[in-house]
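Data first, discussion second: the structure below is written as structure tokens.
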Amino acid sequence: MAPEIYYEAQADLGRLKHKPIAIIGFGSQGHAHALNLRDSGLDVRVGLYEGSKSWGRVEAADLRVRTVSDAAKEAQIIMILTPDIGQADIYNAQIAPYMEPGKTLMFAHGFNIRYGQIVPDKRINVSMIAPKGPGHRLREVYVQGGGIPALIAVENDANGEAFGDALAYAKGLGCTRAGVLRTTFAEETETDLFGEQAVLCGGISDLIKAGYETLLEAGYQPEVAYFECLHEVKLIVDLLYQGGLNFMNYSVSDTAEYGGYTAGPKVINEHSRAAMKQLLADIQSGAFAEEWIDENHQGRPNFNRMRKAGTDHAVEQVGRELRRLMPFVNPKEVIPGSGGA
């Protein structure tokens, strides 16, 4: 079956011209959604908890800011862009009381709907626009006149307007410039979690650390190991981003290409694939979600331990020093305990 992909001409921004929008949260995604929608001519306000450090940032961006409850009360469309864990508490206490029939609840990730943490009233629309990129990139590309792709899904269509309004929202973000692919909350959630764990965050991080440790144990210099196993990853990823696996192989040396063909299956083998299948099974069954929710209820002891171990890893120590000598890479340094984006 051919994929359903939607572009500019198929989205009607006018559908939202008289529908006030509340963006709940002003982090990586929240700030980009609020600014892009505002610049697309829509009626936007940002909902934050009282005393939020972001309150002044919202005002400095010339956006209206309200408490979460007041924003939800005013708006016809409420997009929740706070971290996955905690969304249910925010929704139940500060949003649900104002979700009148016909209003729309939106998400940029399906976690809380897929795993039953949020169970909206059937009389409201529930939809999702999930941009395939971080918020700063969503904003940057929009300002440049482009867009990044997004996924669109409707979990509940109470009044027949859920899909059209969600597509209009995507146009307000600039995503229909690149293409919006129709999916479901379940498919988006499960594939997103799997991609993060098996490839993008878990797989790449541990592959880098394992390669670095192997070279160090063999007596090679830490700096050389860093360049070979971490620094050059960006060069390869840029090639993949531009033209896929074939373009990457076309662009590297024949020696590198041949080594990739012969060595890759030795590193990523049947044991690796079995582990990936188990990761996916745990995501599909809800076992991972249950584990992550419980980890938060327990105060994140394992998460904090693993975060510290990652921060203290030798590849991070040598990398920090080398990046300081390369200001042209725009080096970033995470302050321990500061949390994620």
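Scheme for the structure tokens: letters A, B, ... for chains in order shown; per-chain residue numbers from 1; ligand numbers from 1 in order shown.
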
(Q) Quick check for you: according to DSSP on this backbone, which residues of stretch 66-291 of chain A are classed as helix (DSSP H, G or I)? Reply as a count of residues only. (A) 143

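Within 7 Å of stretch 218-226 of chain A, once only C-alpha atoms are used and residues closer than 4 positions along the same chain are dropped, the contacting residues are Tyr212, Thr214, Leu230, His231, Val315, Val318 and Gly319 of chain A.
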
Q. Taking the backbone alone, and naming residues the way the document does, which bits of stretch 110-276 of chain A are strand (DSSP E or B) by DSSP, as a VMD selection string?
A. chain A and resid 125 to 131 150 to 156 180 to 182

Let's have the selection written as a CSV table (one decimal), in the first residue's frame, with N, CA and C atoms.
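The result, written out as again.csv:
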```
chain,number,residue,atom,x,y,z
A,125,ASN,N,-11.2,15.6,20.2
A,125,ASN,CA,-10.3,15.1,19.2
A,125,ASN,C,-8.9,14.9,19.8
A,126,VAL,N,-8.3,13.8,19.4
A,126,VAL,CA,-6.9,13.5,19.8
A,126,VAL,C,-6.1,13.2,18.6
A,127,SER,N,-5.0,14.0,18.4
A,127,SER,CA,-4.2,13.9,17.2
A,127,SER,C,-2.7,14.1,17.5
A,128,MET,N,-1.9,13.9,16.6
A,128,MET,CA,-0.5,14.0,16.8
A,128,MET,C,0.2,14.6,15.5
A,129,ILE,N,1.1,15.5,15.8
A,129,ILE,CA,2.1,15.9,14.8
A,129,ILE,C,3.5,15.8,15.4
A,130,ALA,N,4.3,14.9,14.8
A,130,ALA,CA,5.6,14.5,15.4
A,130,ALA,C,6.7,14.9,14.4
A,131,PRO,N,7.2,16.1,14.5
A,131,PRO,CA,8.3,16.5,13.6
A,131,PRO,C,9.5,15.6,13.8
A,150,ALA,N,7.3,15.4,9.1
A,150,ALA,CA,6.6,15.0,10.3
A,150,ALA,C,5.7,13.9,10.1
A,151,LEU,N,5.3,13.2,11.2
A,151,LEU,CA,4.3,12.2,11.2
A,151,LEU,C,3.0,12.8,11.7
A,152,ILE,N,1.9,12.3,11.1
A,152,ILE,CA,0.6,12.8,11.5
A,152,ILE,C,-0.3,11.5,11.9
A,153,ALA,N,-1.0,11.6,13.0
A,153,ALA,CA,-1.9,10.5,13.4
A,153,ALA,C,-3.1,11.1,14.1
A,154,VAL,N,-4.2,10.4,14.0
A,154,VAL,CA,-5.5,10.7,14.7
A,154,VAL,C,-5.9,9.5,15.5
A,155,GLU,N,-6.0,9.7,16.8
A,155,GLU,CA,-6.4,8.7,17.7
A,155,GLU,C,-7.9,8.7,17.9
A,156,ASN,N,-8.5,9.9,17.9
A,156,ASN,CA,-9.9,10.0,18.1
A,156,ASN,C,-10.4,11.3,17.3
A,180,VAL,N,4.4,15.3,5.1
A,180,VAL,CA,3.8,14.8,6.4
A,180,VAL,C,3.3,13.4,6.1
A,181,LEU,N,3.8,12.4,6.8
A,181,LEU,CA,3.4,11.0,6.6
A,181,LEU,C,2.4,10.5,7.6
A,182,ARG,N,1.3,9.9,7.1
A,182,ARG,CA,0.2,9.5,8.0
A,182,ARG,C,0.7,8.1,8.7
```

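Counting only C-alpha atoms and comparing A:Val267, A:Ala186, A:Val65, A:Leu173, the residue that lies closest to A:Leu13 is A:Leu173.
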
Q: Measuring atom to atom with only C-alpha atoms, identify which of A:Gly172, A:Gly133, A:Pro301, A:Gly86 is nearest to A:Leu42.
A: A:Gly172

Q | A:Glu190 environment, 9 Å, only C-alpha atoms, sequence neighbours closer than 6 positions dropped, as number ranges by chain | A | A: 110-111, 114, 280, 283-284

I need the chosen residues saved as a PDB file, in the first residue's frame, with N, CA, C and O atoms.
```pdb
ATOM      1  N   GLY A 110       3.587   9.742  20.841  1.00  0.00           N
ATOM      2  CA  GLY A 110       2.401   9.012  21.270  1.00  0.00           C
ATOM      3  C   GLY A 110       2.498   8.245  22.566  1.00  0.00           C
ATOM      4  O   GLY A 110       1.573   7.512  22.925  1.00  0.00           O
ATOM      5  N   PHE A 111       3.585   8.389  23.310  1.00  0.00           N
ATOM      6  CA  PHE A 111       3.868   7.566  24.491  1.00  0.00           C
ATOM      7  C   PHE A 111       2.682   7.471  25.449  1.00  0.00           C
ATOM      8  O   PHE A 111       2.240   6.380  25.825  1.00  0.00           O
ATOM      9  N   ARG A 114      -0.414   5.759  23.797  1.00  0.00           N
ATOM     10  CA  ARG A 114      -0.139   4.349  23.483  1.00  0.00           C
ATOM     11  C   ARG A 114      -0.125   3.487  24.737  1.00  0.00           C
ATOM     12  O   ARG A 114      -0.630   2.345  24.733  1.00  0.00           O
ATOM     13  N   LEU A 280      12.318  -4.602  20.675  1.00  0.00           N
ATOM     14  CA  LEU A 280      11.049  -4.273  20.043  1.00  0.00           C
ATOM     15  C   LEU A 280       9.884  -4.966  20.750  1.00  0.00           C
ATOM     16  O   LEU A 280       8.825  -4.366  20.964  1.00  0.00           O
ATOM     17  N   ILE A 283       9.034  -3.116  23.853  1.00  0.00           N
ATOM     18  CA  ILE A 283       8.340  -1.866  23.536  1.00  0.00           C
ATOM     19  C   ILE A 283       6.882  -2.153  23.186  1.00  0.00           C
ATOM     20  O   ILE A 283       5.962  -1.492  23.666  1.00  0.00           O
ATOM     21  N   GLN A 284       6.666  -3.170  22.367  1.00  0.00           N
ATOM     22  CA  GLN A 284       5.309  -3.510  21.932  1.00  0.00           C
ATOM     23  C   GLN A 284       4.431  -3.985  23.087  1.00  0.00           C
ATOM     24  O   GLN A 284       3.244  -3.677  23.155  1.00  0.00           O
TER      25      GLN A 284
END
```

Name the residues in contact with A:Pro120 at a cut-off of 10 Å, using only C-alpha atoms, excluding same-chain residues fewer than 3 positions from it; report them as an mmCIF file with N, CA and C atoms, in the first residue's frame.
```cif
data_model
loop_
_atom_site.group_PDB
_atom_site.id
_atom_site.type_symbol
_atom_site.label_atom_id
_atom_site.label_comp_id
_atom_site.auth_asym_id
_atom_site.auth_seq_id
_atom_site.Cartn_x
_atom_site.Cartn_y
_atom_site.Cartn_z
ATOM 1 N N TYR A 91 -1.965 16.787 32.569
ATOM 2 C CA TYR A 91 -3.232 16.689 31.856
ATOM 3 C C TYR A 91 -4.403 16.525 32.826
ATOM 4 N N ASN A 92 -4.291 15.568 33.737
ATOM 5 C CA ASN A 92 -5.411 15.266 34.631
ATOM 6 C C ASN A 92 -5.763 16.441 35.547
ATOM 7 N N ALA A 96 -7.498 18.530 31.611
ATOM 8 C CA ALA A 96 -8.737 17.764 31.442
ATOM 9 C C ALA A 96 -9.990 18.518 31.876
ATOM 10 N N MET A 99 -11.343 20.501 28.909
ATOM 11 C CA MET A 99 -11.463 19.887 27.588
ATOM 12 C C MET A 99 -12.925 19.638 27.259
ATOM 13 N N LEU A 105 -6.951 17.761 21.610
ATOM 14 C CA LEU A 105 -5.743 17.492 22.394
ATOM 15 C C LEU A 105 -4.701 16.934 21.443
ATOM 16 N N ILE A 113 -0.524 8.208 25.182
ATOM 17 C CA ILE A 113 -1.746 7.610 24.636
ATOM 18 C C ILE A 113 -1.532 6.120 24.406
ATOM 19 N N GLY A 116 -1.560 4.224 27.699
ATOM 20 C CA GLY A 116 -2.695 4.431 28.573
ATOM 21 C C GLY A 116 -2.461 5.321 29.770
ATOM 22 N N GLN A 117 -1.447 6.155 29.720
ATOM 23 C CA GLN A 117 -1.198 7.068 30.838
ATOM 24 C C GLN A 117 -2.165 8.247 30.810
ATOM 25 N N ARG A 123 -15.232 12.643 23.646
ATOM 26 C CA ARG A 123 -15.906 13.750 22.962
ATOM 27 C C ARG A 123 -14.927 14.804 22.451
ATOM 28 N N ILE A 124 -13.622 14.569 22.637
ATOM 29 C CA ILE A 124 -12.629 15.509 22.119
ATOM 30 C C ILE A 124 -11.778 14.838 21.053
ATOM 31 N N ASN A 125 -11.209 15.648 20.173
ATOM 32 C CA ASN A 125 -10.293 15.144 19.157
ATOM 33 C C ASN A 125 -8.929 14.888 19.791
ATOM 34 N N VAL A 126 -8.276 13.820 19.375
ATOM 35 C CA VAL A 126 -6.924 13.506 19.843
ATOM 36 C C VAL A 126 -6.070 13.222 18.614
ATOM 37 N N ASN A 156 -8.500 9.914 17.932
ATOM 38 C CA ASN A 156 -9.949 10.045 18.097
ATOM 39 C C ASN A 156 -10.442 11.253 17.312
#
```

**Q.** A:Thr67 surroundings by only C-alpha atoms, 12 Å radius, close-in-sequence under 5 positions cut, as a ChimeraX atom specification
**A.** /A:22-25,45-52,54-55,72-74,90,94-95

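Of note, atom CA of A:Asn269 and atom CA of A:Asn302 are spaced 28.3 Å apart.
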
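Around A:Lys17, within 12 Å and counting only C-alpha atoms, the residues found are A:Asp12, A:Leu37, A:Arg38, A:Ser40, A:Gly41, A:Leu42, A:Asp43, A:Val44, A:Gln76, A:Ile77, A:Asp165, A:Ala168, A:Tyr169, A:Gly172, once anything fewer than 5 positions away on its own chain is removed.
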
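Across the model, the gap from atom CA of A:Ile118 to atom CA of A:Ala88 is 5.4 Å.
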
Q. Using only C-alpha atoms, which of the listed residues (A:Asp70, A:Glu187, A:Glu8, A:Glu232) sits closest to A:Ile21?
A. A:Asp70

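Considering the residues A:Cys229, A:Ala275, A:Leu193, A:Leu138 and counting only C-alpha atoms, A:Leu207 has its shortest atom-to-atom contact with A:Cys229.
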
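Among the candidates A:Gln87, A:Gln29, A:Thr82, A:Thr176, the residue lying nearest to A:Ala9 is A:Thr176 (atoms considered: only C-alpha atoms).
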
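Relative to atom CA of A:Ile80, atom CA of A:Gly195 is found at 22.2 Å.
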